[in-house]
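Visitor: This is the content of query_10.txt (compact mmCIF, C-alpha atoms):
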```
# COMPACT_ATOMS: atom_id res chain seq x y z
CA MET A 1 5.15 38.40 -16.55
CA VAL A 2 7.67 35.55 -16.22
CA GLY A 3 5.05 33.24 -14.62
CA LEU A 4 2.56 33.98 -17.38
CA LYS A 5 4.52 32.22 -20.18
CA PRO A 6 4.46 28.74 -18.57
CA THR A 7 0.75 29.16 -17.81
CA ILE A 8 -0.03 30.05 -21.41
CA LEU A 9 2.10 27.15 -22.61
CA TYR A 10 0.28 24.70 -20.28
CA CYS A 11 -3.10 25.97 -21.46
CA PHE A 12 -2.08 25.63 -25.11
CA VAL A 13 -0.83 22.05 -24.57
CA ALA A 14 -4.01 21.12 -22.66
CA ILE A 15 -6.27 22.52 -25.39
CA LEU A 16 -4.24 20.77 -28.07
CA PHE A 17 -4.18 17.45 -26.18
CA PHE A 18 -7.79 17.32 -25.02
CA GLY A 19 -9.22 18.98 -28.12
CA CYS A 20 -7.93 16.18 -30.34
CA PHE A 21 -10.04 13.52 -28.63
CA GLU A 22 -13.72 13.13 -29.32
CA PRO A 23 -15.91 11.36 -26.79
CA GLU A 24 -16.56 7.74 -27.76
CA LEU A 25 -19.89 7.32 -29.52
CA THR A 26 -22.31 5.01 -27.69
CA VAL A 27 -25.44 3.69 -29.36
CA ASN A 28 -28.17 1.22 -28.46
CA ARG A 29 -28.20 -2.13 -30.27
CA ASN A 30 -31.78 -1.40 -31.42
CA ASP A 31 -30.91 1.99 -32.96
CA ARG A 32 -32.42 2.14 -36.45
CA LEU A 33 -29.30 3.84 -37.82
CA LEU A 34 -27.21 0.81 -36.81
CA ARG A 35 -27.03 -2.02 -39.34
CA ARG A 36 -24.88 -5.05 -40.14
CA ASP A 37 -23.72 -5.89 -43.62
CA ARG A 38 -21.27 -8.74 -44.37
CA GLY A 39 -19.92 -8.78 -40.83
CA ILE A 40 -19.37 -5.01 -40.60
CA ILE A 41 -21.47 -2.76 -38.32
CA TYR A 42 -22.51 0.57 -39.85
CA PHE A 43 -23.96 3.62 -38.15
CA GLU A 44 -25.42 6.25 -40.45
CA ASN A 45 -23.90 4.28 -43.36
CA VAL A 46 -20.34 4.61 -42.01
CA PRO A 47 -18.38 1.72 -40.42
CA PHE A 48 -19.04 2.20 -36.72
CA SER A 49 -16.41 3.02 -34.11
CA GLY A 50 -17.64 3.25 -30.54
CA ILE A 51 -19.73 1.21 -28.12
CA VAL A 52 -22.96 -0.71 -28.74
CA ASN A 53 -25.08 -1.24 -25.63
CA SER A 54 -28.10 -3.42 -25.08
CA GLN A 55 -30.51 -3.50 -22.16
CA TYR A 56 -33.08 -5.88 -20.80
CA GLN A 57 -36.73 -4.76 -20.93
CA ASP A 58 -36.45 -3.29 -17.43
CA GLY A 59 -33.53 -1.09 -18.56
CA THR A 60 -30.70 -2.95 -16.81
CA GLN A 61 -27.49 -3.44 -18.78
CA GLN A 62 -27.43 -6.65 -20.84
CA ALA A 63 -24.31 -6.29 -23.01
CA LYS A 64 -21.64 -3.85 -24.10
CA GLN A 65 -19.32 -4.24 -27.12
CA SER A 66 -16.62 -1.95 -28.48
CA TYR A 67 -16.17 -1.53 -32.23
CA LYS A 68 -13.51 -0.01 -34.44
CA SER A 69 -14.08 0.58 -38.16
CA GLY A 70 -17.18 -1.63 -38.04
CA LYS A 71 -15.50 -4.65 -36.42
CA ARG A 72 -15.58 -5.90 -32.84
CA ASN A 73 -12.52 -4.49 -31.17
CA GLY A 74 -11.86 -4.41 -27.45
CA GLN A 75 -13.91 -5.58 -24.52
CA TYR A 76 -17.24 -7.41 -24.76
CA SER A 77 -19.19 -7.84 -21.54
CA GLU A 78 -22.56 -9.42 -20.89
CA TRP A 79 -24.60 -9.55 -17.68
CA TYR A 80 -27.46 -11.63 -16.31
CA PRO A 81 -30.71 -9.72 -15.61
CA THR A 82 -29.65 -9.64 -11.95
CA GLY A 83 -26.58 -7.57 -12.84
CA GLN A 84 -24.17 -10.48 -12.27
CA ILE A 85 -21.45 -10.71 -14.95
CA ARG A 86 -22.04 -13.53 -17.46
CA TYR A 87 -19.29 -13.19 -20.10
CA SER A 88 -16.11 -11.22 -20.56
CA LYS A 89 -14.33 -11.47 -23.90
CA ASN A 90 -11.85 -9.47 -25.95
CA PHE A 91 -11.76 -8.88 -29.68
CA LYS A 92 -9.12 -7.54 -32.02
CA ASN A 93 -10.06 -6.51 -35.54
CA GLY A 94 -13.24 -8.62 -35.45
CA LEU A 95 -11.66 -11.80 -34.06
CA GLN A 96 -11.72 -13.08 -30.51
CA GLU A 97 -8.34 -12.52 -28.86
CA GLY A 98 -7.03 -13.24 -25.38
CA GLU A 99 -8.90 -14.54 -22.37
CA GLN A 100 -12.62 -15.31 -22.23
CA LYS A 101 -14.35 -15.87 -18.91
CA GLU A 102 -17.87 -17.13 -18.24
CA TRP A 103 -19.76 -17.27 -14.95
CA TYR A 104 -22.83 -19.10 -13.65
CA ARG A 105 -25.81 -17.04 -12.46
CA ASP A 106 -24.60 -17.26 -8.86
CA GLY A 107 -21.23 -15.67 -9.74
CA ILE A 108 -19.19 -18.89 -9.70
CA LEU A 109 -16.64 -19.06 -12.51
CA SER A 110 -17.76 -21.50 -15.21
CA ARG A 111 -14.85 -21.47 -17.67
CA VAL A 112 -11.69 -19.70 -18.71
CA MET A 113 -10.66 -20.03 -22.33
CA LYS A 114 -7.93 -18.45 -24.42
CA PHE A 115 -8.11 -17.32 -28.03
CA GLN A 116 -5.69 -16.16 -30.66
CA ALA A 117 -6.89 -14.68 -33.96
CA GLY A 118 -10.40 -16.07 -33.37
CA LYS A 119 -9.33 -19.64 -32.56
CA GLN A 120 -8.83 -21.46 -29.29
CA GLN A 121 -5.16 -21.46 -28.32
CA GLY A 122 -3.60 -22.58 -25.06
CA GLU A 123 -5.23 -23.97 -21.92
CA GLN A 124 -9.04 -24.20 -21.81
CA ILE A 125 -10.65 -25.09 -18.50
CA GLY A 126 -14.22 -25.34 -17.24
CA TRP A 127 -15.97 -26.28 -14.00
CA LYS A 128 -19.38 -27.61 -13.05
CA GLU A 129 -21.56 -25.51 -10.75
CA ASN A 130 -20.39 -27.60 -7.79
CA GLY A 131 -16.74 -26.74 -8.56
CA ASP A 132 -15.77 -30.12 -10.04
CA LEU A 133 -13.69 -30.09 -13.20
CA ARG A 134 -15.86 -30.19 -16.32
CA PHE A 135 -13.08 -30.09 -18.93
CA LYS A 136 -9.44 -29.24 -19.24
CA TYR A 137 -7.62 -29.33 -22.53
CA THR A 138 -5.05 -27.39 -24.49
CA TYR A 139 -5.10 -26.18 -28.06
CA VAL A 140 -1.75 -26.07 -29.83
CA ASN A 141 -1.71 -24.97 -33.46
CA GLY A 142 -5.37 -25.91 -33.96
CA LYS A 143 -5.11 -29.36 -32.34
CA ARG A 144 -6.78 -30.24 -29.04
CA TYR A 145 -5.04 -32.26 -26.32
CA GLY A 146 -6.40 -33.25 -22.90
CA TYR A 147 -9.57 -34.08 -20.99
CA MET A 148 -13.05 -33.55 -22.43
CA GLY A 149 -16.01 -34.40 -20.20
CA ALA A 150 -16.03 -38.03 -19.06
CA ALA A 151 -13.40 -39.20 -21.54
CA LEU A 152 -9.98 -39.69 -19.97
CA CYS A 153 -8.09 -38.30 -22.91
CA GLN A 154 -9.09 -36.84 -26.23
CA PRO A 155 -6.66 -37.52 -29.08
CA PRO A 156 -5.68 -34.57 -31.26
CA GLU A 157 -8.24 -33.56 -33.83
CA GLY A 158 -7.16 -34.44 -37.35
```
Take the structure in the file and write it out as structure tokens.
Guide:
Amino acid sequence: MVGLKPTILYCFVAILFFGCFEPELTVNRNDRLLRRDRGIIYFENVPFSGIVNSQYQDGTQQAKQSYKSGKRNGQYSEWYPTGQIRYSKNFKNGLQEGEQKEWYRDGILSRVMKFQAGKQQGEQIGWKENGDLRFKYTYVNGKRYGYMGAALCQPPEG
């Protein structure tokens, strides 16, 4: 009888813990119940929280975006038809936040950019397909400093 009390307690805690979480809703981008109005995504007329998937015509994964209360929130990923990753971005409350990476079709990294509250912030760097530097600049408080393409130095934007 003494061993029964901890078992009952563990079962109660497990039911309470796991019962409070609903599985994340996943819908297809083409679902007729999914609509956009003034930048907010709705599903069945309620701001959508969950994942929106899209596929190529052959059924392979094309993109996946997380939403919270109708706004992009969390990871966005996109793939080439071959299955190779194309983009990886993060969003917070509808705005791009953190690191964004892009790849060429052959899997070579194309660029790494950083965002804060939807705007470029920090070091931004990109490479040509042959690995040569394409651009490297830094955004500080909305102003760009550094190398852009063939120009040796880009003055800050006014």
Visitor: What's the 9 Å shell around A:Ile125, counting only C-alpha atoms, without same-chain residues fewer than 5 positions away, as a ChimeraX atom specification?
Guide: /A:110-113,133-138
Visitor: Can you measure atom CA of A:Asn141 to atom CA of A:Gln121 for me? One decimal in Å is fine.
Guide: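 Spanning atom CA of A:Asn141 to atom CA of A:Gln121 is a straight-line distance of 7.1 Å.
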Visitor: Between A:Ser77, A:Gly118, A:Leu109, A:Gly142, which residue has the minimum interatomic distance to A:Lys92, considering all atoms listed in the file?
Guide: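 Using all atoms listed in the file, the shortest distance to A:Lys92 belongs to A:Gly118.
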Visitor: Could you jot down the atom CA of A:Ile51 to atom CA of A:Gly107 separation for me, Å, one decimal place?
Guide: 25.0 Å
Visitor: Just to confirm, what's the straight-line distance from atom CA of A:Gln75 to atom CA of A:Leu25 in Å (one decimal)?
Guide: 15.1 Å
Visitor: With a distance cut-off of 10 Å and only C-alpha atoms, select the neighbouring residues of stretch 40-44 of chain A, excluding the residue or stretch itself and same-chain residues fewer than 2 positions from it, and output the selection as a PDB file with C-alpha atoms, in the frame of the given file.
Guide:
```pdb
ATOM      1  CA  VAL A  27     -25.440   3.690 -29.360  1.00  0.00           C
ATOM      2  CA  ASP A  31     -30.910   1.990 -32.960  1.00  0.00           C
ATOM      3  CA  ARG A  32     -32.420   2.140 -36.450  1.00  0.00           C
ATOM      4  CA  LEU A  33     -29.300   3.840 -37.820  1.00  0.00           C
ATOM      5  CA  LEU A  34     -27.210   0.810 -36.810  1.00  0.00           C
ATOM      6  CA  ARG A  35     -27.030  -2.020 -39.340  1.00  0.00           C
ATOM      7  CA  ARG A  36     -24.880  -5.050 -40.140  1.00  0.00           C
ATOM      8  CA  ASP A  37     -23.720  -5.890 -43.620  1.00  0.00           C
ATOM      9  CA  ARG A  38     -21.270  -8.740 -44.370  1.00  0.00           C
ATOM     10  CA  VAL A  46     -20.340   4.610 -42.010  1.00  0.00           C
ATOM     11  CA  PRO A  47     -18.380   1.720 -40.420  1.00  0.00           C
ATOM     12  CA  PHE A  48     -19.040   2.200 -36.720  1.00  0.00           C
ATOM     13  CA  SER A  49     -16.410   3.020 -34.110  1.00  0.00           C
ATOM     14  CA  GLY A  50     -17.640   3.250 -30.540  1.00  0.00           C
ATOM     15  CA  VAL A  52     -22.960  -0.710 -28.740  1.00  0.00           C
ATOM     16  CA  TYR A  67     -16.170  -1.530 -32.230  1.00  0.00           C
ATOM     17  CA  LYS A  68     -13.510  -0.010 -34.440  1.00  0.00           C
ATOM     18  CA  SER A  69     -14.080   0.580 -38.160  1.00  0.00           C
ATOM     19  CA  GLY A  70     -17.180  -1.630 -38.040  1.00  0.00           C
ATOM     20  CA  LYS A  71     -15.500  -4.650 -36.420  1.00  0.00           C
ATOM     21  CA  ARG A  72     -15.580  -5.900 -32.840  1.00  0.00           C
ATOM     22  CA  GLY A  94     -13.240  -8.620 -35.450  1.00  0.00           C
TER      23      GLY A  94
END
```
Visitor: Counting all atoms listed in the file, which residue out of A:Lys114, A:Tyr145, A:Glu102, A:Tyr80 sits closest to A:Lys128?
Guide: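 Ranked by minimum distance to A:Lys128, first place goes to A:Glu102.
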Visitor: List as a ChimeraX atom specification the residues having at least one atom at most 9 Å from position (-27.6, -2.1, -24.2) as given in the file, counting all atoms listed in the file.
Guide: /A:27-30,52-56,59-64
Visitor: So which residues touch A:Ile108 within 12 Å, counting all atoms listed in the file, skipping near sequence neighbours fewer than 4 positions away, as a ChimeraX atom specification?
Guide: /A:84-87,101-104,112,126-132
